[in-house]
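Next up, my_file03.tsv (TSV, C-alpha atoms):
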```tsv
chain	number	residue	atom	x	y	z
A	1	MET	CA	0.00	0.00	0.00
A	2	LYS	CA	2.81	2.44	0.92
A	3	LYS	CA	4.58	1.64	-2.38
A	4	THR	CA	1.35	2.30	-4.32
A	5	LYS	CA	0.91	5.66	-2.57
A	6	ARG	CA	4.48	6.67	-3.38
A	7	ILE	CA	3.94	5.78	-7.04
A	8	LEU	CA	0.71	7.78	-7.19
A	9	VAL	CA	2.36	10.80	-5.54
A	10	THR	CA	5.23	10.64	-8.06
A	11	VAL	CA	2.84	10.37	-11.02
A	12	VAL	CA	0.65	13.26	-9.81
A	13	ALA	CA	3.66	15.48	-9.05
A	14	THR	CA	5.19	14.81	-12.48
A	15	LEU	CA	1.85	15.38	-14.20
A	16	GLY	CA	1.54	18.73	-12.39
A	17	THR	CA	5.02	19.73	-13.56
A	18	PHE	CA	4.17	18.84	-17.16
A	19	LEU	CA	0.89	20.79	-16.97
A	20	THR	CA	2.64	23.87	-15.57
A	21	PHE	CA	5.35	23.63	-18.21
A	22	ALA	CA	2.80	23.24	-21.02
A	23	GLN	CA	0.92	26.34	-19.84
A	24	THR	CA	4.03	28.53	-19.60
A	25	THR	CA	5.95	27.51	-22.73
A	26	SER	CA	5.77	29.37	-26.01
A	27	THR	CA	3.07	28.83	-28.56
A	28	GLY	CA	3.41	25.51	-30.34
A	29	ALA	CA	4.23	23.34	-27.35
A	30	GLU	CA	1.88	20.36	-27.08
A	31	PHE	CA	0.81	18.33	-24.08
A	32	GLY	CA	-1.23	15.13	-24.01
A	33	VAL	CA	-1.91	11.67	-22.68
A	34	LYS	CA	-1.12	8.38	-24.38
A	35	GLY	CA	-1.47	4.66	-23.88
A	36	GLY	CA	-1.47	1.39	-25.72
A	37	VAL	CA	-0.73	-2.31	-25.94
A	38	ASN	CA	2.70	-3.86	-25.28
A	39	PHE	CA	3.98	-7.04	-26.91
A	40	SER	CA	7.11	-7.76	-24.89
A	41	ASN	CA	9.76	-10.43	-24.60
A	42	LEU	CA	13.16	-11.07	-23.01
A	43	TYR	CA	16.06	-11.76	-25.36
A	44	THR	CA	19.65	-12.90	-24.86
A	45	GLU	CA	21.36	-12.71	-28.27
A	46	ASP	CA	18.68	-12.55	-30.95
A	47	VAL	CA	15.17	-11.15	-30.60
A	48	ASP	CA	12.45	-13.65	-31.56
A	49	ASP	CA	8.67	-13.79	-31.37
A	50	ASN	CA	8.52	-16.64	-28.84
A	51	ASN	CA	7.34	-16.17	-25.24
A	52	VAL	CA	5.55	-12.88	-25.97
A	53	LEU	CA	3.70	-11.26	-23.06
A	54	THR	CA	0.75	-9.00	-23.99
A	55	SER	CA	0.32	-6.06	-21.61
A	56	PHE	CA	-0.09	-2.26	-21.63
A	57	ASN	CA	1.49	1.18	-21.23
A	58	ALA	CA	-0.03	4.53	-20.22
A	59	GLY	CA	1.14	8.03	-19.38
A	60	PHE	CA	1.61	11.49	-20.81
A	61	TYR	CA	3.92	13.44	-23.09
A	62	ALA	CA	5.12	16.94	-23.99
A	63	LYS	CA	6.02	17.86	-27.57
A	64	LEU	CA	8.51	20.76	-27.73
A	65	PRO	CA	8.99	22.16	-31.25
A	66	ILE	CA	12.47	23.01	-32.53
A	67	THR	CA	11.40	23.83	-36.08
A	68	GLU	CA	8.13	23.50	-37.95
A	69	SER	CA	8.74	19.79	-38.60
A	70	VAL	CA	11.18	18.76	-35.82
A	71	ALA	CA	10.47	18.47	-32.10
A	72	ILE	CA	11.77	16.93	-28.87
A	73	GLN	CA	9.19	14.70	-27.18
A	74	PRO	CA	9.82	13.55	-23.59
A	75	GLU	CA	7.31	11.09	-22.15
A	76	PHE	CA	6.46	9.73	-18.70
A	77	LEU	CA	4.93	6.25	-18.87
A	78	TYR	CA	3.88	3.32	-16.75
A	79	SER	CA	4.84	0.29	-18.85
A	80	ARG	CA	4.54	-3.42	-18.13
A	81	LYS	CA	7.10	-5.60	-19.89
A	82	GLY	CA	8.40	-9.13	-19.43
A	83	ALA	CA	7.78	-12.51	-21.04
A	84	GLU	CA	5.62	-15.61	-20.92
A	85	LEU	CA	7.58	-18.83	-20.50
A	86	VAL	CA	6.09	-22.17	-21.54
A	87	TYR	CA	8.22	-25.09	-20.37
A	88	ASP	CA	7.69	-28.78	-20.99
A	89	ASN	CA	10.56	-31.20	-20.50
A	90	ALA	CA	11.50	-34.31	-18.57
A	91	PHE	CA	11.91	-32.35	-15.33
A	92	ALA	CA	9.10	-29.77	-15.32
A	93	GLN	CA	6.13	-28.46	-17.24
A	94	GLY	CA	3.85	-25.47	-17.01
A	95	THR	CA	3.58	-21.76	-17.86
A	96	ALA	CA	5.05	-18.79	-16.02
A	97	LYS	CA	4.74	-15.04	-16.61
A	98	PHE	CA	7.45	-12.51	-15.84
A	99	LYS	CA	5.64	-9.17	-15.35
A	100	LEU	CA	8.05	-6.25	-14.97
A	101	ASN	CA	6.40	-2.92	-14.13
A	102	TYR	CA	8.45	0.15	-15.04
A	103	ILE	CA	8.24	3.91	-14.86
A	104	GLU	CA	9.70	4.73	-18.26
A	105	VAL	CA	10.97	8.02	-19.65
A	106	PRO	CA	11.69	8.09	-23.41
A	107	VAL	CA	13.32	11.25	-24.82
A	108	LEU	CA	12.59	11.26	-28.53
A	109	LEU	CA	13.52	13.30	-31.56
A	110	LYS	CA	10.30	13.51	-33.60
A	111	VAL	CA	10.43	14.43	-37.28
A	112	ASN	CA	7.39	15.01	-39.48
A	113	ILE	CA	8.19	13.52	-42.87
A	114	MET	CA	4.77	14.59	-44.15
A	115	LYS	CA	2.03	16.66	-42.55
A	116	ASN	CA	0.39	13.74	-40.76
A	117	PHE	CA	3.25	11.22	-40.70
A	118	ASN	CA	6.20	11.21	-38.32
A	119	ILE	CA	9.19	9.09	-37.39
A	120	HIS	CA	10.75	9.28	-33.93
A	121	ALA	CA	13.76	7.83	-32.14
A	122	GLY	CA	15.85	8.28	-29.03
A	123	PRO	CA	16.93	6.72	-25.75
A	124	TYR	CA	14.66	5.57	-22.95
A	125	PHE	CA	15.36	5.30	-19.24
A	126	ALA	CA	13.29	3.11	-16.93
A	127	TYR	CA	12.97	2.30	-13.23
A	128	LEU	CA	11.52	-1.02	-12.08
A	129	ILE	CA	8.85	-0.42	-9.43
A	130	ASP	CA	7.60	-3.99	-9.13
A	131	ALA	CA	8.27	-7.48	-10.50
A	132	GLN	CA	5.72	-10.31	-10.50
A	133	VAL	CA	6.58	-13.87	-11.45
A	134	THR	CA	3.52	-16.10	-11.49
A	135	ASN	CA	2.61	-19.69	-12.27
A	136	GLU	CA	-0.22	-19.79	-14.79
A	137	SER	CA	-0.73	-23.58	-14.84
A	138	ALA	CA	-2.46	-25.48	-12.06
A	139	ASN	CA	-0.18	-28.48	-12.60
A	140	ALA	CA	3.08	-26.48	-12.76
A	141	ASN	CA	6.02	-28.42	-11.31
A	142	PHE	CA	8.34	-25.47	-10.69
A	143	ASP	CA	7.28	-22.75	-8.26
A	144	PHE	CA	8.59	-19.52	-9.81
A	145	GLU	CA	6.77	-17.42	-7.22
A	146	GLN	CA	8.93	-18.75	-4.39
A	147	ASN	CA	12.16	-18.57	-6.37
A	148	TYR	CA	12.02	-14.92	-7.48
A	149	GLU	CA	11.67	-11.67	-5.54
A	150	ASN	CA	11.87	-7.99	-6.49
A	151	ASP	CA	15.49	-7.88	-5.34
A	152	ASP	CA	16.40	-10.49	-7.98
A	153	PHE	CA	15.86	-7.90	-10.73
A	154	ASN	CA	17.87	-4.82	-11.66
A	155	LYS	CA	16.09	-1.59	-10.80
A	156	PHE	CA	17.30	0.39	-13.81
A	157	ASP	CA	16.89	-0.27	-17.52
A	158	VAL	CA	18.12	1.75	-20.46
A	159	GLY	CA	17.61	1.22	-24.18
A	160	LEU	CA	16.75	2.64	-27.57
A	161	SER	CA	13.32	3.55	-28.94
A	162	ALA	CA	12.23	4.05	-32.55
A	163	GLY	CA	8.90	4.16	-34.30
A	164	PHE	CA	6.48	5.97	-36.56
A	165	GLY	CA	3.07	7.53	-36.15
A	166	PHE	CA	0.16	9.32	-37.75
A	167	ASP	CA	-0.95	12.65	-36.26
A	168	PHE	CA	-4.39	14.12	-36.80
A	169	SER	CA	-5.85	17.22	-35.20
A	170	ASN	CA	-6.15	16.03	-31.59
A	171	LEU	CA	-5.42	12.33	-32.03
A	172	GLY	CA	-2.37	10.28	-32.89
A	173	ILE	CA	-1.67	6.58	-33.42
A	174	GLY	CA	1.56	4.74	-34.00
A	175	PHE	CA	3.97	1.86	-33.51
A	176	ARG	CA	7.15	1.89	-31.47
A	177	TYR	CA	9.89	-0.62	-30.70
A	178	ASN	CA	12.04	-0.53	-27.55
A	179	TYR	CA	15.36	-2.40	-27.58
A	180	GLY	CA	16.73	-2.87	-24.08
A	181	LEU	CA	20.47	-2.66	-23.45
A	182	SER	CA	20.46	-3.71	-19.77
A	183	THR	CA	20.18	-7.23	-18.37
A	184	VAL	CA	16.94	-7.68	-16.42
A	185	GLY	CA	18.13	-10.16	-13.79
A	186	LYS	CA	20.84	-9.90	-11.16
A	187	GLU	CA	23.61	-12.36	-10.44
A	188	ARG	CA	22.63	-15.24	-8.17
A	189	SER	CA	24.66	-18.00	-6.53
A	190	PHE	CA	23.75	-21.65	-6.21
A	191	GLY	CA	26.10	-24.39	-5.07
A	192	GLY	CA	29.08	-22.08	-5.37
A	193	VAL	CA	28.21	-21.22	-8.97
A	194	THR	CA	27.36	-17.60	-9.90
A	195	TYR	CA	24.86	-17.04	-12.69
A	196	THR	CA	22.43	-14.38	-13.90
A	197	THR	CA	18.71	-15.15	-14.15
A	198	PRO	CA	16.75	-14.11	-15.96
A	199	ASP	CA	19.70	-13.19	-18.18
A	200	GLY	CA	17.58	-11.56	-20.90
A	201	LYS	CA	17.09	-7.94	-21.90
A	202	ASN	CA	13.80	-6.21	-22.63
A	203	SER	CA	12.36	-6.25	-26.15
A	204	ASN	CA	9.03	-4.48	-26.58
A	205	LEU	CA	6.76	-3.55	-29.49
A	206	SER	CA	3.90	-1.19	-28.67
A	207	LEU	CA	0.83	0.03	-30.49
A	208	TYR	CA	-0.23	3.37	-28.98
A	209	MET	CA	-2.84	6.09	-29.16
A	210	ALA	CA	-2.19	9.70	-28.10
A	211	LEU	CA	-4.69	12.42	-27.25
A	212	LYS	CA	-3.68	16.10	-27.39
A	213	LEU	CA	-4.96	18.14	-24.42
A	214	ASN	CA	-4.01	21.73	-25.31
```
As C-alpha cells, please, write out the structure in this file.
Amino acid sequence: MKKTKRILVTVVATLGTFLTFAQTTSTGAEFGVKGGVNFSNLYTEDVDDNNVLTSFNAGFYAKLPITESVAIQPEFLYSRKGAELVYDNAFAQGTAKFKLNYIEVPVLLKVNIMKNFNIHAGPYFAYLIDAQVTNESANANFDFEQNYENDDFNKFDVGLSAGFGFDFSNLGIGFRYNYGLSTVGKERSFGGVTYTTPDGKNSNLSLYMALKLN
C-alpha cells in the first residue's frame, strides 16, 4: 500500500510539472496523454517472437517544437514488460509469466516527414517499481513465485526507442519498438556457482494512441 501511494504521488507530481510547463511555454508546445498495448519479450542474443507477453502502457507526453517539422518529445509512462515462458521437458512443465512494471521516460527526436506522418527515435530510461513472477498452470512443477523476488531484478533499464506515427488534429496513433540494453536479472549463486537469471534484456513492441490536451 505504501509503495502504491508513493507511485501515485510521483505520477501526480510529475503530471503537475508537465501541466505547468505546457501552460508557460511558447506557442506551439503540445501536451497530451497516451497509452497502448505492449507485446514484450526477453532476449539474450537474438530477438524472436517466442514467449511474448501482452500487456499495456499509459502516461503522458510533452512535444517541444524546434522547427516547424522537428520536435523533442519527452514522455512519462507506466509500462509493463516481461515474457511468458512455456516449459515442458523431462523435469518440469507449465507456464510462467514474468511481469516487470516500469516507470519509463523516453526522450525522442520527432520528425514530421509529411504533414500527418512522423518518425521518432531516441533513448529511454526506466525504473523497475515492481516485479511479479507467477505460475499460470495449475499443474506447474516449478514454483517460480517462491524462487524470485523484487530484489532479484535490476532496478534500472536503459535502451533505444524508434517508431512511426500518424498525427491528426487532436489524435495520434503509432507503432514503437524498444530495444533494451540492460540485463533484467541480477547475479545469483547456487552451489558455489554464480549465474544471472533471468539473463535476458527487454524487447518491446507497442501500439499506442495519443490524445492532445491543449
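Using all atoms listed in the file, the nearest neighbour of Asn204 (chain A) within the list A:Val52, A:Val86, A:Val33, A:Leu128 is A:Val52.
Nearest to Ala58 (chain A) of all the residues A:Lys34, A:Leu42, A:Lys201, A:Ile72 is A:Lys34, counting only C-alpha atoms.
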Exercise for the section: Name all residues at most 6 Å from region 151-167 of chain A (count only C-alpha atoms; drop same-chain ones fewer than 5 positions away) and give them as a ChimeraX atom specification. Expected result: /A:116-128,172-182,184-186
Handout entry: Neighbours of point (-3.8, 12.4, -17.6) within 8 Å, using all atoms listed in the file, written as an MDAnalysis selection string
Key = chainID A and resid 15 32:33 59:60
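Counting all atoms listed in the file, the residue from A:Leu108, A:Leu100, A:Ile129, A:Leu53 that sits nearest to Gln73 (chain A) is A:Leu108.
You can rank A:Leu205, A:Gly200, A:Lys212, A:Lys110 by their closest distance to Pro65 (chain A) using all atoms listed in the file, and at the top of that list sits A:Lys110.
You can rank A:Asp130, A:Glu45, A:Glu30, A:Glu68 by their closest distance to Gly82 (chain A) using all atoms listed in the file, and at the top of that list sits A:Asp130.
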Exercise for the section: Considering all atoms listed in the file, state which residue in the set A:Ala29, A:Lys81, A:Asn50, A:Ala131 is at the smallest distance from Lys63 (chain A). Expected result: A:Ala29
Leu171 (chain A): which residues within 8 Å, counting all atoms listed in the file, same-chain residues fewer than 5 positions away excluded, as a PDB file with C-alpha atoms, in the coordinates of the input?
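The resulting around24.pdb:
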```pdb
ATOM      1  CA  MET A 209      -2.840   6.090 -29.160  1.00  0.00           C
ATOM      2  CA  ALA A 210      -2.190   9.700 -28.100  1.00  0.00           C
ATOM      3  CA  LEU A 211      -4.690  12.420 -27.250  1.00  0.00           C
ATOM      4  CA  LYS A 212      -3.680  16.100 -27.390  1.00  0.00           C
TER       5      LYS A 212
END
```
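Here CA of Ala71 (chain A) stands at a distance of 16.3 Å from CA of Asn214 (chain A).
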Practice task
Please work out which residues fall within 9 Å of (4.2, 9.4, -19.0), coordinates as given in the file, with only C-alpha atoms counting, and return them as an MDAnalysis selection string.
Solution key: chainID A and resid 11 14:15 33:35 57:61 74:78 103:106
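CA of Val111 (chain A) is positioned 27.7 Å from CA of Ser55 (chain A).
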Practice task
Quick one: pull the distance between CA of Arg80 (chain A) and CA of Ala62 (chain A), Å, one decimal.
Solution key: 21.2 Å
Exercise for the section: Please provide the set of residues having any atom within 7 Å of Phe98 (chain A), restricted to all atoms listed in the file, with same-chain residues fewer than 5 positions apart removed, written as a ChimeraX atom specification. Expected result: /A:82-84,132-134
